[in-house]
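Text of the file upload.pdb, holding PDB, C-alpha atoms:
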ATOM      1  CA  MET A 149      -0.768 -59.302  38.877
ATOM      2  CA  ALA A 150      -1.138 -56.386  36.508
ATOM      3  CA  ILE A 151       1.313 -54.994  34.023
ATOM      4  CA  TYR A 152       3.250 -52.030  35.342
ATOM      5  CA  SER A 153       6.046 -49.846  34.053
ATOM      6  CA  SER A 154       8.802 -47.518  35.145
ATOM      7  CA  LYS A 155      10.859 -44.939  33.271
ATOM      8  CA  SER A 156      14.570 -44.392  33.594
ATOM      9  CA  THR A 157      15.709 -41.096  35.089
ATOM     10  CA  ASP A 158      16.686 -39.777  31.649
ATOM     11  CA  GLY A 159      13.295 -40.807  30.238
ATOM     12  CA  ASN A 160      14.789 -42.799  27.373
ATOM     13  CA  THR A 161      14.058 -46.298  28.668
ATOM     14  CA  VAL A 162      10.753 -47.756  29.747
ATOM     15  CA  THR A 163      10.770 -51.054  31.627
ATOM     16  CA  ILE A 164       7.483 -52.931  31.461
ATOM     17  CA  THR A 165       6.975 -55.765  33.947
ATOM     18  CA  MET A 166       4.868 -58.411  32.286
ATOM     19  CA  PRO A 167       2.074 -60.343  34.060
ATOM     20  CA  PRO A 168       2.227 -64.031  35.078
ATOM     21  CA  GLU A 169       0.025 -64.879  32.079
ATOM     22  CA  PHE A 170       0.645 -62.762  29.001
ATOM     23  CA  ASP A 171      -2.302 -63.522  26.754
ATOM     24  CA  PHE A 172      -5.248 -61.907  25.010
ATOM     25  CA  HIS A 173      -6.657 -60.727  28.337
ATOM     26  CA  SER A 174      -3.554 -58.516  28.743
ATOM     27  CA  HIS A 175      -4.095 -56.780  25.406
ATOM     28  CA  LYS A 176      -5.709 -53.504  26.539
ATOM     29  CA  GLU A 177      -3.340 -52.954  29.426
ATOM     30  CA  PHE A 178      -0.242 -53.785  27.354
ATOM     31  CA  ARG A 179      -1.321 -51.452  24.538
ATOM     32  CA  GLN A 180      -1.995 -48.676  27.054
ATOM     33  CA  PHE A 181       1.559 -48.824  28.424
ATOM     34  CA  GLN A 182       3.021 -48.985  24.947
ATOM     35  CA  THR A 183       0.940 -46.064  23.648
ATOM     36  CA  ASN A 184       1.675 -43.889  26.672
ATOM     37  CA  SER A 185       5.430 -44.460  26.326
ATOM     38  CA  THR A 186       6.117 -43.841  22.640
ATOM     39  CA  ALA A 187       8.399 -40.877  23.400
ATOM     40  CA  SER A 188      10.941 -43.303  24.869
ATOM     41  CA  THR A 189      13.579 -44.835  22.626
ATOM     42  CA  HIS A 190      14.272 -48.108  24.473
ATOM     43  CA  PHE A 191      11.862 -50.648  25.858
ATOM     44  CA  VAL A 192      12.707 -53.453  28.261
ATOM     45  CA  LEU A 193      10.042 -56.097  28.775
ATOM     46  CA  ASP A 194      10.704 -57.978  32.010
ATOM     47  CA  PHE A 195       9.274 -61.503  31.886
ATOM     48  CA  SER A 196      10.580 -62.571  35.322
ATOM     49  CA  GLN A 197       7.027 -63.120  36.651
ATOM     50  CA  THR A 198       5.625 -64.552  33.419
ATOM     51  CA  ARG A 199       4.965 -68.284  33.263
ATOM     52  CA  PHE A 200       2.698 -68.424  30.200
ATOM     53  CA  ILE A 201       2.341 -66.623  26.876
ATOM     54  CA  ASP A 202       0.078 -67.474  23.972
ATOM     55  CA  SER A 203      -0.036 -66.644  20.263
ATOM     56  CA  SER A 204      -1.886 -63.373  20.864
ATOM     57  CA  ALA A 205       1.013 -62.267  23.088
ATOM     58  CA  LEU A 206       3.433 -63.017  20.269
ATOM     59  CA  GLY A 207       1.242 -60.920  17.988
ATOM     60  CA  MET A 208       1.255 -58.033  20.479
ATOM     61  CA  LEU A 209       5.053 -58.131  20.570
ATOM     62  CA  LEU A 210       5.218 -58.041  16.768
ATOM     63  CA  LEU A 211       2.787 -55.104  16.619
ATOM     64  CA  MET A 212       4.847 -53.241  19.202
ATOM     65  CA  ARG A 213       7.988 -53.826  17.163
ATOM     66  CA  GLU A 214       6.325 -52.572  13.967
ATOM     67  CA  GLU A 215       4.858 -49.487  15.629
ATOM     68  CA  LEU A 216       8.239 -48.597  17.115
ATOM     69  CA  GLY A 217      10.065 -48.746  13.797
ATOM     70  CA  ALA A 218      10.639 -52.458  13.087
ATOM     71  CA  ASP A 219      14.408 -52.931  12.628
ATOM     72  CA  ARG A 220      15.078 -49.532  14.241
ATOM     73  CA  SER A 221      13.125 -50.468  17.378
ATOM     74  CA  ARG A 222      15.061 -51.121  20.559
ATOM     75  CA  ILE A 223      13.156 -53.719  22.515
ATOM     76  CA  LYS A 224      14.734 -56.161  24.954
ATOM     77  CA  LEU A 225      12.931 -59.186  26.353
ATOM     78  CA  ILE A 226      14.628 -60.032  29.647
ATOM     79  CA  ASN A 227      14.371 -62.644  32.406
ATOM     80  CA  CYS A 228      12.459 -65.132  30.261
ATOM     81  CA  GLN A 229      11.713 -68.504  31.840
ATOM     82  CA  LYS A 230      13.146 -71.485  29.977
ATOM     83  CA  ALA A 231       9.808 -72.488  28.403
ATOM     84  CA  ILE A 232       9.093 -68.948  27.235
ATOM     85  CA  ARG A 233      12.598 -68.531  25.839
ATOM     86  CA  GLY A 234      12.127 -71.810  23.959
ATOM     87  CA  LEU A 235       8.836 -70.603  22.482
ATOM     88  CA  LEU A 236      10.409 -67.293  21.431
ATOM     89  CA  GLU A 237      13.292 -69.118  19.760
ATOM     90  CA  MET A 238      10.951 -71.577  18.027
ATOM     91  CA  ALA A 239       9.051 -68.580  16.609
ATOM     92  CA  ASN A 240      12.378 -66.948  15.597
ATOM     93  CA  PHE A 241      11.737 -63.957  17.854
ATOM     94  CA  HIS A 242      15.395 -64.010  18.880
ATOM     95  CA  LYS A 243      16.078 -62.693  15.356
ATOM     96  CA  LEU A 244      13.671 -59.769  15.840
ATOM     97  CA  PHE A 245      14.246 -58.877  19.505
ATOM     98  CA  HIS A 246      17.156 -58.901  21.888
ATOM     99  CA  VAL A 247      16.280 -61.836  24.171
ATOM    100  CA  ALA A 248      18.291 -61.937  27.391
TER     101      ALA A 248
END
Show how you would write the structure in this file as structure tokens.
Amino acid sequence: MAIYSSKSTDGNTVTITMPPEFDFHSHKEFRQFQTNSTASTHFVLDFSQTRFIDSSALGMLLLMREELGADRSRIKLINCQKAIRGLLEMANFHKLFHVA
């Protein structure tokens, strides 16, 4: 399953549906969606289909946050499976992102 995105009707929010395995192999596609959507002010990353992430995925999330303004960025990570939520909390990502 590929990464795909949708924009809200007002154009301010981009929802990106993450793949079942979010790892280094997803890098180009993830960066493409992020780069093509920089005019939006809110990003929602939907992890409902994602069962696995690795350290490169964590790095991609950090890069996205930095490129979108660090503390001013508005990025939500939603529908995380229990194991992924645990990994995000262990890496203190819940302090950098809104994890729902």
Check which residues satisfy the PyMOL selection byres ((chain A and resi 228) around 9) in the file shown, then give them as an MDAnalysis selection string. chainID A and resid 194:199 225:227 229:233 247:248
With C-alpha atoms retained, could you export that selection as a short mmCIF file (atom, residue, chain, number, x, y, z; two decimals), in the frame of the given file?
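Okay, out_11.cif is ready:
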data_model
loop_
_atom_site.label_atom_id
_atom_site.label_comp_id
_atom_site.auth_asym_id
_atom_site.auth_seq_id
_atom_site.Cartn_x
_atom_site.Cartn_y
_atom_site.Cartn_z
CA ASP A 194 10.70 -57.98 32.01
CA PHE A 195 9.27 -61.50 31.89
CA SER A 196 10.58 -62.57 35.32
CA GLN A 197 7.03 -63.12 36.65
CA THR A 198 5.62 -64.55 33.42
CA ARG A 199 4.96 -68.28 33.26
CA LEU A 225 12.93 -59.19 26.35
CA ILE A 226 14.63 -60.03 29.65
CA ASN A 227 14.37 -62.64 32.41
CA GLN A 229 11.71 -68.50 31.84
CA LYS A 230 13.15 -71.48 29.98
CA ALA A 231 9.81 -72.49 28.40
CA ILE A 232 9.09 -68.95 27.24
CA ARG A 233 12.60 -68.53 25.84
CA VAL A 247 16.28 -61.84 24.17
CA ALA A 248 18.29 -61.94 27.39
#
To verify the selection step, state as an MDAnalysis selection string which residues the PyMOL selection byres ((chain A and resi 151) around 6) yields on this input. chainID A and resid 150 152 165:167
Here's the selection I'm unsure about, the PyMOL selection byres ((chain A and resi 202) around 9); applied to the file above, which residues does it give, as a list in words?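 Given this file, the PyMOL selection byres ((chain A and resi 202) around 9) evaluates to Glu169, Phe170, Asp171, Phe172, Phe200, Ile201, Ser203, Ser204, Ala205, Leu206 and Gly207 of chain A.
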What separates CA of Ile223 in chain A and CA of Leu211 in chain A is a distance of 12.0 Å
Near Phe178 in chain A, counting all atoms listed in the file, which residues have an atom at most 9 Å away, once you skip same-chain residues fewer than 3 positions from it, shown as number ranges by chain? A: 151-152, 164, 166, 174-175, 181-183, 208
What is the distance between CA of Arg220 in chain A and CA of Val162 in chain A, in Å to one decimal? 16.2 Å
Just want the 12 Å neighbourhood of Phe245 in chain A, counted on only C-alpha atoms, with same-chain residues fewer than 4 positions away dropped. Output as a PyMOL selection string. chain A and resi 190-193+206+209-210+212-214+218-226+233+236-237+239-241
Using the selection just defined, write its residues with C-alpha atoms as a PDB file, in the frame of the given file.
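This is the output file selection34.pdb:
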ATOM      1  CA  HIS A 190      14.272 -48.108  24.473  1.00  0.00           C
ATOM      2  CA  PHE A 191      11.862 -50.648  25.858  1.00  0.00           C
ATOM      3  CA  VAL A 192      12.707 -53.453  28.261  1.00  0.00           C
ATOM      4  CA  LEU A 193      10.042 -56.097  28.775  1.00  0.00           C
ATOM      5  CA  LEU A 206       3.433 -63.017  20.269  1.00  0.00           C
ATOM      6  CA  LEU A 209       5.053 -58.131  20.570  1.00  0.00           C
ATOM      7  CA  LEU A 210       5.218 -58.041  16.768  1.00  0.00           C
ATOM      8  CA  MET A 212       4.847 -53.241  19.202  1.00  0.00           C
ATOM      9  CA  ARG A 213       7.988 -53.826  17.163  1.00  0.00           C
ATOM     10  CA  GLU A 214       6.325 -52.572  13.967  1.00  0.00           C
ATOM     11  CA  ALA A 218      10.639 -52.458  13.087  1.00  0.00           C
ATOM     12  CA  ASP A 219      14.408 -52.931  12.628  1.00  0.00           C
ATOM     13  CA  ARG A 220      15.078 -49.532  14.241  1.00  0.00           C
ATOM     14  CA  SER A 221      13.125 -50.468  17.378  1.00  0.00           C
ATOM     15  CA  ARG A 222      15.061 -51.121  20.559  1.00  0.00           C
ATOM     16  CA  ILE A 223      13.156 -53.719  22.515  1.00  0.00           C
ATOM     17  CA  LYS A 224      14.734 -56.161  24.954  1.00  0.00           C
ATOM     18  CA  LEU A 225      12.931 -59.186  26.353  1.00  0.00           C
ATOM     19  CA  ILE A 226      14.628 -60.032  29.647  1.00  0.00           C
ATOM     20  CA  ARG A 233      12.598 -68.531  25.839  1.00  0.00           C
ATOM     21  CA  LEU A 236      10.409 -67.293  21.431  1.00  0.00           C
ATOM     22  CA  GLU A 237      13.292 -69.118  19.760  1.00  0.00           C
ATOM     23  CA  ALA A 239       9.051 -68.580  16.609  1.00  0.00           C
ATOM     24  CA  ASN A 240      12.378 -66.948  15.597  1.00  0.00           C
ATOM     25  CA  PHE A 241      11.737 -63.957  17.854  1.00  0.00           C
TER      26      PHE A 241
END
What does the distance between CA of Thr161 in chain A and CA of Thr189 in chain A come to in Å, to one decimal place? 6.2 Å
